[in-house]
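Q: Next comes the structure file my_file-v1.tsv, holding TSV, C-alpha atoms.
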```tsv
chain	number	residue	atom	x	y	z
A	792	MET	CA	-37.89	105.09	-23.35
A	793	GLU	CA	-36.62	103.48	-26.54
A	794	ASP	CA	-34.72	100.19	-26.44
A	795	ILE	CA	-31.18	101.19	-25.45
A	796	GLY	CA	-29.78	97.98	-26.93
A	797	LEU	CA	-31.18	98.81	-30.37
A	798	ILE	CA	-29.87	102.38	-30.12
A	799	LEU	CA	-26.37	101.24	-29.22
A	800	PHE	CA	-26.37	98.53	-31.88
A	801	THR	CA	-27.36	101.07	-34.54
A	802	ALA	CA	-24.72	103.58	-33.45
A	803	ILE	CA	-21.96	100.96	-33.56
A	804	ALA	CA	-23.20	99.02	-36.58
A	805	VAL	CA	-23.71	101.89	-39.05
A	806	PRO	CA	-20.00	102.77	-39.52
A	807	LEU	CA	-19.12	99.07	-39.60
A	808	VAL	CA	-21.69	98.45	-42.35
A	809	ILE	CA	-20.13	101.29	-44.36
A	810	MET	CA	-16.74	99.63	-43.88
A	811	LEU	CA	-18.19	96.41	-45.31
A	812	ILE	CA	-18.53	98.17	-48.65
A	813	ILE	CA	-14.81	98.96	-48.67
A	814	PHE	CA	-13.36	95.82	-47.14
A	815	LYS	CA	-12.65	92.78	-49.30
A	816	GLY	CA	-12.03	89.08	-48.75
A	817	LYS	CA	-11.22	87.83	-45.26
A	818	SER	CA	-11.46	91.30	-43.69
A	819	ARG	CA	-15.05	91.63	-44.90
A	820	VAL	CA	-15.93	88.15	-43.58
A	821	LEU	CA	-14.56	88.89	-40.11
A	822	LEU	CA	-16.24	92.29	-39.97
A	823	LEU	CA	-19.53	90.67	-40.95
A	824	CYS	CA	-19.03	88.12	-38.15
A	825	LEU	CA	-18.51	90.97	-35.69
A	826	LEU	CA	-21.77	92.58	-36.79
A	827	THR	CA	-23.74	89.34	-36.67
A	828	GLY	CA	-22.36	88.60	-33.21
A	829	MET	CA	-23.63	91.99	-32.03
A	830	PHE	CA	-27.00	91.38	-33.68
A	831	MET	CA	-27.33	87.98	-31.99
A	832	ASN	CA	-26.71	89.66	-28.63
A	833	LEU	CA	-29.45	92.19	-29.39
A	834	PHE	CA	-31.84	89.41	-30.41
A	835	ALA	CA	-30.97	87.20	-27.44
A	836	GLY	CA	-31.44	90.16	-25.09
A	837	GLU	CA	-34.94	90.72	-26.43
A	838	VAL	CA	-35.85	87.06	-25.94
A	839	ASN	CA	-34.45	87.04	-22.40
A	840	GLY	CA	-36.31	90.27	-21.64
A	841	LEU	CA	-39.61	88.79	-22.80
A	842	ILE	CA	-39.08	85.69	-20.66
A	843	LEU	CA	-38.35	87.86	-17.62
A	844	LYS	CA	-41.38	90.07	-18.33
A	845	TYR	CA	-44.00	87.44	-19.08
A	846	THR	CA	-43.05	84.68	-16.64
A	847	GLU	CA	-43.02	84.54	-12.87
A	848	LEU	CA	-39.41	83.34	-12.80
A	849	ASP	CA	-37.01	85.46	-10.76
A	850	TYR	CA	-33.96	87.15	-12.27
A	851	TYR	CA	-31.43	84.78	-10.66
A	852	PHE	CA	-33.16	81.66	-11.99
A	853	ILE	CA	-33.32	83.12	-15.50
A	854	ALA	CA	-29.69	84.29	-15.40
A	855	VAL	CA	-28.45	80.85	-14.36
A	856	ASN	CA	-30.82	78.51	-16.20
A	857	ILE	CA	-32.35	80.34	-19.17
A	858	VAL	CA	-29.89	83.03	-20.34
A	859	PRO	CA	-26.99	80.59	-20.99
A	860	ILE	CA	-29.24	78.36	-23.11
A	861	ILE	CA	-30.69	81.22	-25.19
A	862	GLU	CA	-27.38	83.00	-25.75
A	863	GLU	CA	-25.35	79.89	-26.55
A	864	ILE	CA	-27.94	78.62	-29.03
A	865	PHE	CA	-27.85	81.95	-30.89
A	866	LYS	CA	-24.04	82.03	-30.97
A	867	MET	CA	-23.67	78.41	-31.99
A	868	THR	CA	-26.28	78.73	-34.77
A	869	LEU	CA	-24.11	81.29	-36.55
A	870	ILE	CA	-20.99	79.14	-36.30
A	871	VAL	CA	-22.81	75.97	-37.41
A	872	VAL	CA	-24.17	77.82	-40.47
A	873	LEU	CA	-20.65	79.01	-41.30
A	874	PHE	CA	-19.23	75.53	-40.95
A	875	TYR	CA	-21.83	73.52	-42.86
A	876	SER	CA	-23.08	76.06	-45.41
A	877	PHE	CA	-19.95	77.97	-46.39
A	878	LYS	CA	-17.37	75.21	-45.84
A	879	VAL	CA	-14.78	77.59	-44.36
A	880	ASP	CA	-11.38	76.12	-43.52
A	881	LYS	CA	-10.39	75.27	-39.96
A	882	GLN	CA	-8.39	78.41	-39.20
A	883	LEU	CA	-10.97	80.77	-40.68
A	884	LEU	CA	-13.75	79.06	-38.72
A	885	ILE	CA	-11.82	79.65	-35.49
A	886	GLU	CA	-11.22	83.31	-36.37
A	887	CYS	CA	-14.86	83.81	-37.36
A	888	ALA	CA	-16.08	82.15	-34.15
A	889	LEU	CA	-13.82	84.31	-31.99
A	890	THR	CA	-15.03	87.43	-33.82
A	891	ILE	CA	-18.68	86.45	-33.32
A	892	GLY	CA	-18.00	86.00	-29.62
A	893	ALA	CA	-16.24	89.38	-29.45
A	894	GLY	CA	-19.16	91.12	-31.20
A	895	PHE	CA	-21.63	89.46	-28.83
A	896	ALA	CA	-19.57	90.56	-25.81
A	897	ILE	CA	-19.05	94.13	-27.05
A	898	LEU	CA	-22.75	94.95	-27.31
A	899	GLU	CA	-23.54	93.15	-24.04
A	900	ASN	CA	-20.90	95.08	-22.09
A	901	VAL	CA	-21.69	98.45	-23.67
A	902	SER	CA	-25.42	98.00	-22.96
A	903	LEU	CA	-24.67	97.06	-19.35
A	904	PHE	CA	-22.40	100.08	-18.87
A	905	VAL	CA	-25.02	102.49	-20.24
A	906	ASN	CA	-27.80	100.99	-18.11
A	907	SER	CA	-25.58	101.05	-15.01
A	908	ASN	CA	-23.87	104.36	-15.73
A	909	ASP	CA	-23.62	105.53	-12.11
A	910	LEU	CA	-22.01	102.28	-10.96
A	911	VAL	CA	-19.46	101.81	-13.74
A	912	THR	CA	-15.78	102.27	-12.94
A	913	PHE	CA	-12.62	101.47	-14.88
A	914	PRO	CA	-11.83	98.40	-12.69
A	915	PHE	CA	-15.39	97.15	-13.26
A	916	ALA	CA	-15.01	97.60	-17.02
A	917	LEU	CA	-11.73	95.69	-16.90
A	918	ILE	CA	-13.33	92.87	-14.92
A	919	ARG	CA	-16.24	92.68	-17.37
A	920	GLY	CA	-13.84	92.55	-20.31
A	921	PHE	CA	-11.80	89.69	-18.87
A	922	GLY	CA	-14.90	88.11	-17.33
A	923	ALA	CA	-18.13	87.96	-19.33
A	924	GLY	CA	-16.48	89.34	-22.47
A	925	LEU	CA	-13.81	86.66	-22.53
A	926	MET	CA	-16.35	84.00	-21.51
A	927	HIS	CA	-18.38	84.62	-24.68
A	928	VAL	CA	-15.25	84.41	-26.81
A	929	ILE	CA	-14.20	81.13	-25.16
A	930	THR	CA	-17.57	79.43	-25.71
A	931	CYS	CA	-17.40	80.39	-29.40
A	932	TYR	CA	-13.88	78.97	-29.52
A	933	ILE	CA	-15.25	75.71	-28.11
A	934	TYR	CA	-17.78	75.56	-30.96
A	935	ALA	CA	-15.12	76.12	-33.63
A	936	ILE	CA	-12.70	73.54	-32.19
A	937	GLY	CA	-15.51	71.03	-31.64
A	938	LEU	CA	-16.97	71.41	-35.12
A	939	ASN	CA	-13.54	71.13	-36.71
A	940	PHE	CA	-13.09	67.85	-34.83
A	941	ILE	CA	-16.48	66.24	-35.56
A	942	GLY	CA	-17.05	67.74	-39.01
A	943	LYS	CA	-15.92	64.71	-41.02
A	944	LYS	CA	-17.18	62.12	-38.54
A	945	ASN	CA	-20.76	61.68	-39.74
A	946	TYR	CA	-21.56	59.11	-37.07
A	947	ILE	CA	-21.17	61.68	-34.26
A	948	VAL	CA	-22.27	64.90	-35.99
A	949	PHE	CA	-25.61	65.19	-34.15
A	950	SER	CA	-24.51	63.90	-30.75
A	951	GLY	CA	-21.22	65.79	-31.00
A	952	THR	CA	-22.95	69.07	-31.83
A	953	ILE	CA	-25.35	68.67	-28.90
A	954	GLY	CA	-22.40	67.80	-26.68
A	955	ILE	CA	-20.49	70.93	-27.67
A	956	LEU	CA	-23.57	73.08	-27.07
A	957	THR	CA	-24.16	71.46	-23.67
A	958	LEU	CA	-20.54	72.02	-22.62
A	959	SER	CA	-20.75	75.71	-23.51
A	960	ILE	CA	-24.10	76.15	-21.73
A	961	LEU	CA	-22.72	74.53	-18.57
A	962	TYR	CA	-19.59	76.70	-18.73
A	963	HIS	CA	-21.70	79.84	-19.22
A	964	SER	CA	-24.09	78.83	-16.43
A	965	ALA	CA	-21.23	78.06	-14.04
A	966	TYR	CA	-19.76	81.50	-14.74
A	967	ASN	CA	-23.12	83.19	-14.02
A	968	ILE	CA	-23.56	81.22	-10.79
A	969	ILE	CA	-20.10	82.05	-9.43
A	970	VAL	CA	-20.16	85.77	-10.32
A	971	GLN	CA	-23.48	86.16	-8.48
A	972	SER	CA	-22.15	84.44	-5.36
A	973	LYS	CA	-19.87	85.70	-2.60
A	974	TYR	CA	-16.99	84.23	-4.61
A	975	SER	CA	-17.65	86.54	-7.55
A	976	TYR	CA	-13.98	87.31	-8.16
A	977	PHE	CA	-13.32	83.61	-8.76
A	978	GLY	CA	-16.04	83.73	-11.39
A	979	PHE	CA	-14.47	86.71	-13.12
A	980	ALA	CA	-11.11	84.87	-13.05
A	981	LEU	CA	-12.58	81.68	-14.58
A	982	PRO	CA	-12.43	82.81	-18.25
A	983	LEU	CA	-8.89	84.15	-17.80
A	984	ALA	CA	-7.76	80.85	-16.27
A	985	THR	CA	-9.45	79.01	-19.14
A	986	LEU	CA	-7.67	81.23	-21.66
A	987	ILE	CA	-4.29	80.47	-20.08
A	988	PHE	CA	-5.08	76.74	-20.23
A	989	ILE	CA	-6.07	77.02	-23.92
A	990	LEU	CA	-2.88	78.93	-24.76
A	991	ILE	CA	-0.74	76.28	-23.04
A	992	ILE	CA	-2.50	73.51	-24.98
A	993	GLN	CA	-2.10	75.44	-28.23
A	994	LEU	CA	1.61	75.90	-27.50
A	995	PHE	CA	2.09	72.15	-27.08
A	996	ILE	CA	0.11	71.46	-30.27
A	997	HIS	CA	2.19	73.99	-32.20
A	998	LYS	CA	5.43	72.46	-30.94
A	999	LYS	CA	4.24	68.95	-31.84
A	1000	GLU	CA	3.23	70.04	-35.35
A	1001	LYS	CA	6.56	71.80	-35.83
A	1002	LEU	CA	8.45	68.71	-34.68
A	1003	ASN	CA	6.43	66.45	-37.01
A	1004	TYR	CA	7.11	68.81	-39.91
A	1005	GLU	CA	10.84	68.87	-39.20
A	1006	ASN	CA	10.93	65.07	-38.99
A	1007	LYS	CA	9.18	64.79	-42.38
A	1008	VAL	CA	11.63	67.25	-43.97
A	1009	MET	CA	14.61	65.36	-42.60
```
Can you dump the structure from the file as structure tokens?
A:
Amino acid sequence: MEDIGLILFTAIAVPLVIMLIIFKGKSRVLLLCLLTGMFMNLFAGEVNGLILKYTELDYYFIAVNIVPIIEEIFKMTLIVVLFYSFKVDKQLLIECALTIGAGFAILENVSLFVNSNDLVTFPFALIRGFGAGLMHVITCYIYAIGLNFIGKKNYIVFSGTIGILTLSILYHSAYNIIVQSKYSYFGFALPLATLIFILIIQLFIHKKEKLNYENKVM
């Protein structure tokens, strides 16, 4: 049987590539990020599959210890290239990172649903969307926020980048551990709880910036 991941990627990517010809400016950049996020998932899946096939490591060990490292390195590489090579502004970097994470999650979830066709239900799809799907988006958000913070601080660029990567790997690994335990529903709720926390923090930051702006105007 042919690689189902490659088949699904091709089916989804072809119309999006055609749209790239039509789209301009920021829309084209974000669409390209979506495609590259999907491609990174395809590539990471192949690497993880080879490790599972040619080593004596069991699936649980790989899912908890190897998969988070491989997937987070691939995702972060894209965002680092965007940040240091194309010098995108802070807001665009965040939007690109979130789009990369969404593309990565889309192909991962679709591939899982096709491979587990008989077991897939609407509640399961919803849980995957708010679980693993959101988890990939959040780790990419961590990269964007972290890089925006350390970007102009040359003395911590290397250590800061490694730190951001490590944080995302640990978060990803913790998610994989919990969802494969008897407390799986807590694992699926972890990304949603993280999202709520991020939104609250962003609300406070927005209010502070608005207050500072009003004080300067007055």
Q: Near Ala965 (chain A), counting only C-alpha atoms, which residues have an atom at most 10 Å away, once you skip same-chain residues fewer than 2 positions from it, shown as a PyMOL selection string?
A: chain A and resi 855-856+859+959-963+967-970+978+981
Q: Taking only C-alpha atoms into account, which of A:Ile936, A:Leu825, A:Ser964, A:Ala802 comes nearest Ile857 (chain A)?
A: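 Using only C-alpha atoms, the shortest distance to Ile857 (chain A) belongs to A:Ser964.
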Q: CA of Lys878 (chain A) to CA of Ile809 (chain A): how many Å, to one decimal?
A: 26.3 Å
Q: Out of A:Leu910, A:Ile953, A:Ala923, A:Leu938, which residue has the shortest atom-to-atom distance to Ile864 (chain A) when counting all atoms listed in the file?
A: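 Looking only at the distances to Ile864 (chain A), the closest residue turns out to be A:Ile953.
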Q: Tell me which protein, DNA and RNA residues are within 12 Å of Val872 (chain A), counting only C-alpha atoms, leaving out same-chain ones fewer than 3 positions away, and put them as a ChimeraX atom specification.
A: /A:824,865-869,875-879,884,887-888,934-935,938
Q: Could you check the closest approach to Gly894 (chain A) for each of A:Gly828, A:Gly816, A:Gly796, A:Gly954 and tell me which residue wins, using all atoms listed in the file?
A: A:Gly828
Q: If you measure from CA of Met829 (chain A) to CA of Val871 (chain A), what distance in Å do you get, rounded to one decimal?
A: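 CA of Val871 (chain A) lies at a distance of 16.9 Å from CA of Met829 (chain A).
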Q: Name the closest residue to Thr952 (chain A) among the candidates A:Phe979, A:Ile870, A:Asn832, A:Leu797; distances are taken between atoms, counting only C-alpha atoms.
A: A:Ile870
Q: Quick check, in Å to one decimal: how far apart do CA of Ile861 (chain A) and CA of Ala980 (chain A) lie?
A: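 Between these atoms lies a distance of 23.3 Å.
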Q: Here is a test: counting all atoms listed in the file, which residue of A:Ser818, A:Ser972, A:Thr827, A:Gln993 is nearest to Leu898 (chain A)?
A: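 Ranked by minimum distance to Leu898 (chain A), first place goes to A:Thr827.
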Q: Looking at A:Tyr966, A:Phe940, A:Phe895, A:Phe915, which one is nearest to Gly836 (chain A), with distances taken over all atoms listed in the file?
A: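 Under the stated criterion, the closest residue is A:Phe895.
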Q: Could you give me, as a VMD selection string, the residues within 9 Å of Ala835 (chain A), counting all atoms listed in the file and dropping anything in the same chain fewer than 4 positions from it?
A: chain A and resid 830 to 831 839 to 840 858 861 to 862 865
Q: With all heavy atoms as the goal, would you fill in the gaps in region 970-981 of chain A and present it as a PDB file, keeping the file's coordinate frame?
A:
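Output below, filename out_8.pdb:
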```
ATOM      1  N   VAL A 970     -20.268  84.305 -10.395  1.00  0.00           N
ATOM      2  CA  VAL A 970     -20.160  85.770 -10.320  1.00  0.00           C
ATOM      3  C   VAL A 970     -21.290  86.397  -9.507  1.00  0.00           C
ATOM      4  O   VAL A 970     -21.173  87.542  -9.067  1.00  0.00           O
ATOM      5  CB  VAL A 970     -20.120  86.427 -11.722  1.00  0.00           C
ATOM      6  CG1 VAL A 970     -18.889  85.994 -12.487  1.00  0.00           C
ATOM      7  CG2 VAL A 970     -21.385  86.146 -12.502  1.00  0.00           C
ATOM      8  N   GLN A 971     -22.379  85.642  -9.292  1.00  0.00           N
ATOM      9  CA  GLN A 971     -23.480  86.160  -8.480  1.00  0.00           C
ATOM     10  C   GLN A 971     -23.423  85.632  -7.039  1.00  0.00           C
ATOM     11  O   GLN A 971     -24.354  85.840  -6.268  1.00  0.00           O
ATOM     12  CB  GLN A 971     -24.811  85.800  -9.116  1.00  0.00           C
ATOM     13  CG  GLN A 971     -25.027  86.486 -10.464  1.00  0.00           C
ATOM     14  CD  GLN A 971     -26.380  86.192 -11.056  1.00  0.00           C
ATOM     15  OE1 GLN A 971     -27.400  86.801 -10.719  1.00  0.00           O
ATOM     16  NE2 GLN A 971     -26.415  85.234 -11.954  1.00  0.00           N
ATOM     17  N   SER A 972     -22.330  84.960  -6.707  1.00  0.00           N
ATOM     18  CA  SER A 972     -22.150  84.440  -5.360  1.00  0.00           C
ATOM     19  C   SER A 972     -21.148  85.323  -4.603  1.00  0.00           C
ATOM     20  O   SER A 972     -20.633  86.301  -5.140  1.00  0.00           O
ATOM     21  CB  SER A 972     -21.629  83.002  -5.403  1.00  0.00           C
ATOM     22  OG  SER A 972     -20.285  82.971  -5.868  1.00  0.00           O
ATOM     23  N   LYS A 973     -20.854  84.939  -3.368  1.00  0.00           N
ATOM     24  CA  LYS A 973     -19.870  85.700  -2.600  1.00  0.00           C
ATOM     25  C   LYS A 973     -18.448  85.463  -3.095  1.00  0.00           C
ATOM     26  O   LYS A 973     -17.510  86.132  -2.665  1.00  0.00           O
ATOM     27  CB  LYS A 973     -19.973  85.332  -1.117  1.00  0.00           C
ATOM     28  CG  LYS A 973     -19.687  83.862  -0.795  1.00  0.00           C
ATOM     29  CD  LYS A 973     -19.821  83.630   0.700  1.00  0.00           C
ATOM     30  CE  LYS A 973     -19.545  82.163   1.053  1.00  0.00           C
ATOM     31  NZ  LYS A 973     -19.657  81.905   2.511  1.00  0.00           N
ATOM     32  N   TYR A 974     -18.298  84.504  -4.006  1.00  0.00           N
ATOM     33  CA  TYR A 974     -16.990  84.230  -4.610  1.00  0.00           C
ATOM     34  C   TYR A 974     -16.912  84.812  -6.020  1.00  0.00           C
ATOM     35  O   TYR A 974     -16.310  84.228  -6.914  1.00  0.00           O
ATOM     36  CB  TYR A 974     -16.743  82.715  -4.660  1.00  0.00           C
ATOM     37  CG  TYR A 974     -16.879  82.028  -3.323  1.00  0.00           C
ATOM     38  CD1 TYR A 974     -17.996  81.238  -3.032  1.00  0.00           C
ATOM     39  CD2 TYR A 974     -15.896  82.187  -2.348  1.00  0.00           C
ATOM     40  CE1 TYR A 974     -18.119  80.616  -1.799  1.00  0.00           C
ATOM     41  CE2 TYR A 974     -16.017  81.560  -1.114  1.00  0.00           C
ATOM     42  CZ  TYR A 974     -17.134  80.779  -0.847  1.00  0.00           C
ATOM     43  OH  TYR A 974     -17.252  80.170   0.379  1.00  0.00           O
ATOM     44  N   SER A 975     -17.523  85.962  -6.210  1.00  0.00           N
ATOM     45  CA  SER A 975     -17.650  86.540  -7.550  1.00  0.00           C
ATOM     46  C   SER A 975     -16.313  86.732  -8.264  1.00  0.00           C
ATOM     47  O   SER A 975     -16.220  86.557  -9.480  1.00  0.00           O
ATOM     48  CB  SER A 975     -18.386  87.887  -7.472  1.00  0.00           C
ATOM     49  OG  SER A 975     -17.688  88.783  -6.620  1.00  0.00           O
ATOM     50  N   TYR A 976     -15.268  87.073  -7.510  1.00  0.00           N
ATOM     51  CA  TYR A 976     -13.980  87.310  -8.160  1.00  0.00           C
ATOM     52  C   TYR A 976     -13.400  86.028  -8.763  1.00  0.00           C
ATOM     53  O   TYR A 976     -12.669  86.087  -9.743  1.00  0.00           O
ATOM     54  CB  TYR A 976     -12.989  87.936  -7.164  1.00  0.00           C
ATOM     55  CG  TYR A 976     -13.301  89.389  -6.892  1.00  0.00           C
ATOM     56  CD1 TYR A 976     -13.931  89.783  -5.715  1.00  0.00           C
ATOM     57  CD2 TYR A 976     -12.982  90.362  -7.836  1.00  0.00           C
ATOM     58  CE1 TYR A 976     -14.234  91.116  -5.487  1.00  0.00           C
ATOM     59  CE2 TYR A 976     -13.269  91.691  -7.616  1.00  0.00           C
ATOM     60  CZ  TYR A 976     -13.900  92.067  -6.438  1.00  0.00           C
ATOM     61  OH  TYR A 976     -14.210  93.386  -6.220  1.00  0.00           O
ATOM     62  N   PHE A 977     -13.737  84.878  -8.160  1.00  0.00           N
ATOM     63  CA  PHE A 977     -13.320  83.610  -8.760  1.00  0.00           C
ATOM     64  C   PHE A 977     -14.040  83.398 -10.088  1.00  0.00           C
ATOM     65  O   PHE A 977     -13.473  82.839 -11.033  1.00  0.00           O
ATOM     66  CB  PHE A 977     -13.600  82.447  -7.814  1.00  0.00           C
ATOM     67  CG  PHE A 977     -12.697  82.407  -6.619  1.00  0.00           C
ATOM     68  CD1 PHE A 977     -13.133  82.854  -5.377  1.00  0.00           C
ATOM     69  CD2 PHE A 977     -11.403  81.933  -6.733  1.00  0.00           C
ATOM     70  CE1 PHE A 977     -12.292  82.827  -4.270  1.00  0.00           C
ATOM     71  CE2 PHE A 977     -10.552  81.896  -5.639  1.00  0.00           C
ATOM     72  CZ  PHE A 977     -11.003  82.342  -4.404  1.00  0.00           C
ATOM     73  N   GLY A 978     -15.291  83.839 -10.148  1.00  0.00           N
ATOM     74  CA  GLY A 978     -16.040  83.730 -11.390  1.00  0.00           C
ATOM     75  C   GLY A 978     -15.431  84.596 -12.478  1.00  0.00           C
ATOM     76  O   GLY A 978     -15.271  84.158 -13.620  1.00  0.00           O
ATOM     77  N   PHE A 979     -15.083  85.815 -12.147  1.00  0.00           N
ATOM     78  CA  PHE A 979     -14.470  86.710 -13.120  1.00  0.00           C
ATOM     79  C   PHE A 979     -13.109  86.176 -13.585  1.00  0.00           C
ATOM     80  O   PHE A 979     -12.682  86.434 -14.710  1.00  0.00           O
ATOM     81  CB  PHE A 979     -14.301  88.105 -12.530  1.00  0.00           C
ATOM     82  CG  PHE A 979     -15.590  88.850 -12.349  1.00  0.00           C
ATOM     83  CD1 PHE A 979     -15.954  89.365 -11.112  1.00  0.00           C
ATOM     84  CD2 PHE A 979     -16.452  89.026 -13.422  1.00  0.00           C
ATOM     85  CE1 PHE A 979     -17.145  90.055 -10.949  1.00  0.00           C
ATOM     86  CE2 PHE A 979     -17.652  89.709 -13.264  1.00  0.00           C
ATOM     87  CZ  PHE A 979     -18.007  90.230 -12.031  1.00  0.00           C
ATOM     88  N   ALA A 980     -12.432  85.417 -12.708  1.00  0.00           N
ATOM     89  CA  ALA A 980     -11.110  84.870 -13.050  1.00  0.00           C
ATOM     90  C   ALA A 980     -11.217  83.587 -13.878  1.00  0.00           C
ATOM     91  O   ALA A 980     -10.242  83.187 -14.522  1.00  0.00           O
ATOM     92  CB  ALA A 980     -10.316  84.598 -11.778  1.00  0.00           C
ATOM     93  N   LEU A 981     -12.405  82.958 -13.873  1.00  0.00           N
ATOM     94  CA  LEU A 981     -12.580  81.680 -14.580  1.00  0.00           C
ATOM     95  C   LEU A 981     -12.243  81.760 -16.068  1.00  0.00           C
ATOM     96  O   LEU A 981     -11.470  80.930 -16.570  1.00  0.00           O
ATOM     97  CB  LEU A 981     -14.003  81.163 -14.376  1.00  0.00           C
ATOM     98  CG  LEU A 981     -14.377  79.871 -15.116  1.00  0.00           C
ATOM     99  CD1 LEU A 981     -13.510  78.705 -14.642  1.00  0.00           C
ATOM    100  CD2 LEU A 981     -15.857  79.545 -14.921  1.00  0.00           C
TER     101      LEU A 981
END
```
